[in-house]
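What follows is a short report on a single structure.
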Amino acid sequence: MKKLIALAAVASLTMATNVMAQDGEAVYQKACKTCHEMGIAGAPKAHDAAAWEPRMGKGMDALIGSVKTGMNAMPPGGMCMDCSDEDLKAAIEFMSK
Ligand code: HEC
């Protein structure tokens, strides 16, 4: 019985961590907005579907890769030092719609 309670505690902790994962809008506000809000230095503007369409055509993995290594005026990681691939993906999905 004790073991079951411990398992339940672990499960609820794991769920709490999932809720804590950064959501796309939060990552965007924190790191990407500086450039992507106004389209600085040729950055595709947030929520400008036409600007994102050719980028999205590369596939999500390629886009995450561009952010991680940096691309021209975009610094590596898009200025988000603690972003995981999942966080970057969420931010890209948020900006591209
Ligand atoms: C310092 C400015 C700057 C910041 C901060 C920034 N970007 Fe960018 N981003 C750019 C610029 C400029 C481009 C266009 C690069 C080019 O095509 O020459 C770009 C392009 C991109 C692309 C398209 C890449 C491709 O392969 O076509 C993605 C995706 C992207 N940014 C995501 C992000 C995300 C996610 C963040 C926040 C975590 C972020 N950017 C933060 C400037 C920035």
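Each chain in the structure tokens gets a letter, A, B, ..., in the order shown, and its residues are numbered from 1; ligands are numbered from 1 in order too.
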
- Mind checking which residues fall within 10 Å of A:Met74, counting only C-alpha atoms, ignoring those fewer than 6 positions away in the same chain, and posting them as a count of residues only? 10

Taking only C-alpha atoms and all ligand atoms into account, produce a table as a tab-separated table in which each residue of chain A with an atom at most 8 Å from an atom of ligand 1 appears once, together with its shortest atom pair and the distance in Å to one decimal, ordered by chain and rising number.
residue	atom	partner	partner_atom_place_in_ligand_line	distance
A:Val27	CA	ligand 1	38 (C)	6.1
A:Tyr28	CA	ligand 1	37 (C)	5.6
A:Lys30	CA	ligand 1	37 (C)	7.8
A:Ala31	CA	ligand 1	37 (C)	4.7
A:Cys32	CA	ligand 1	37 (C)	3.4
A:Lys33	CA	ligand 1	5 (C)	6.7
A:Thr34	CA	ligand 1	5 (C)	5.5
A:Cys35	CA	ligand 1	2 (C)	4.3
A:His36	CA	ligand 1	7 (N)	6.0
A:Gly39	CA	ligand 1	12 (C)	7.4
A:Ile40	CA	ligand 1	12 (C)	6.1
A:Ala41	CA	ligand 1	12 (C)	4.5
A:Gly42	CA	ligand 1	12 (C)	4.7
A:Ala43	CA	ligand 1	11 (C)	3.6
A:Pro44	CA	ligand 1	20 (C)	6.0
A:Trp52	CA	ligand 1	23 (C)	7.8
A:Pro54	CA	ligand 1	27 (O)	7.7
A:Arg55	CA	ligand 1	27 (O)	4.6
A:Met56	CA	ligand 1	27 (O)	7.6
A:Lys58	CA	ligand 1	26 (O)	7.1
A:Met60	CA	ligand 1	29 (C)	8.0
A:Ala62	CA	ligand 1	26 (O)	6.2
A:Leu63	CA	ligand 1	29 (C)	4.5
A:Ile64	CA	ligand 1	29 (C)	6.1
A:Gly65	CA	ligand 1	26 (O)	7.4
A:Ser66	CA	ligand 1	26 (O)	4.8
A:Val67	CA	ligand 1	32 (C)	5.4
A:Gly70	CA	ligand 1	8 (Fe)	8.0
A:Met71	CA	ligand 1	15 (C)	5.1
A:Asn72	CA	ligand 1	18 (O)	4.8
A:Ala73	CA	ligand 1	12 (C)	4.3
A:Met74	CA	ligand 1	42 (C)	3.8
A:Pro75	CA	ligand 1	1 (C)	5.8
A:Gly77	CA	ligand 1	38 (C)	6.0
A:Gly78	CA	ligand 1	41 (C)	3.5
A:Met79	CA	ligand 1	5 (C)	5.0
A:Cys80	CA	ligand 1	38 (C)	5.0
A:Cys83	CA	ligand 1	38 (C)	7.2
A:Asp87	CA	ligand 1	38 (C)	7.9
A:Leu88	CA	ligand 1	35 (C)	4.8
A:Lys89	CA	ligand 1	35 (C)	6.9
A:Ala90	CA	ligand 1	35 (C)	7.8
A:Ala91	CA	ligand 1	35 (C)	4.9
A:Ile92	CA	ligand 1	35 (C)	4.9
A:Met95	CA	ligand 1	35 (C)	7.9

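Our summary of the geometry notes that atom CA of A:Ala46 is positioned 15.5 Å from atom CA of A:Asp23.
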
- Query: Between A:Thr69, A:Gly24, A:Asp61, A:Pro76, which has the minimum distance to A:Glu93 (counting only C-alpha atoms)?
  - Reply: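 Using only C-alpha atoms, the shortest distance to A:Glu93 belongs to A:Gly24.
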
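Interatomic distance, atom CA of A:Ala51 to atom CA of A:Lys97: 10.3 Å.
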
- Message: Just to confirm, what's the straight-line distance from atom CA of A:Asp85 to atom CA of A:Gly57 in Å (one decimal)?
- Response: 18.3 Å
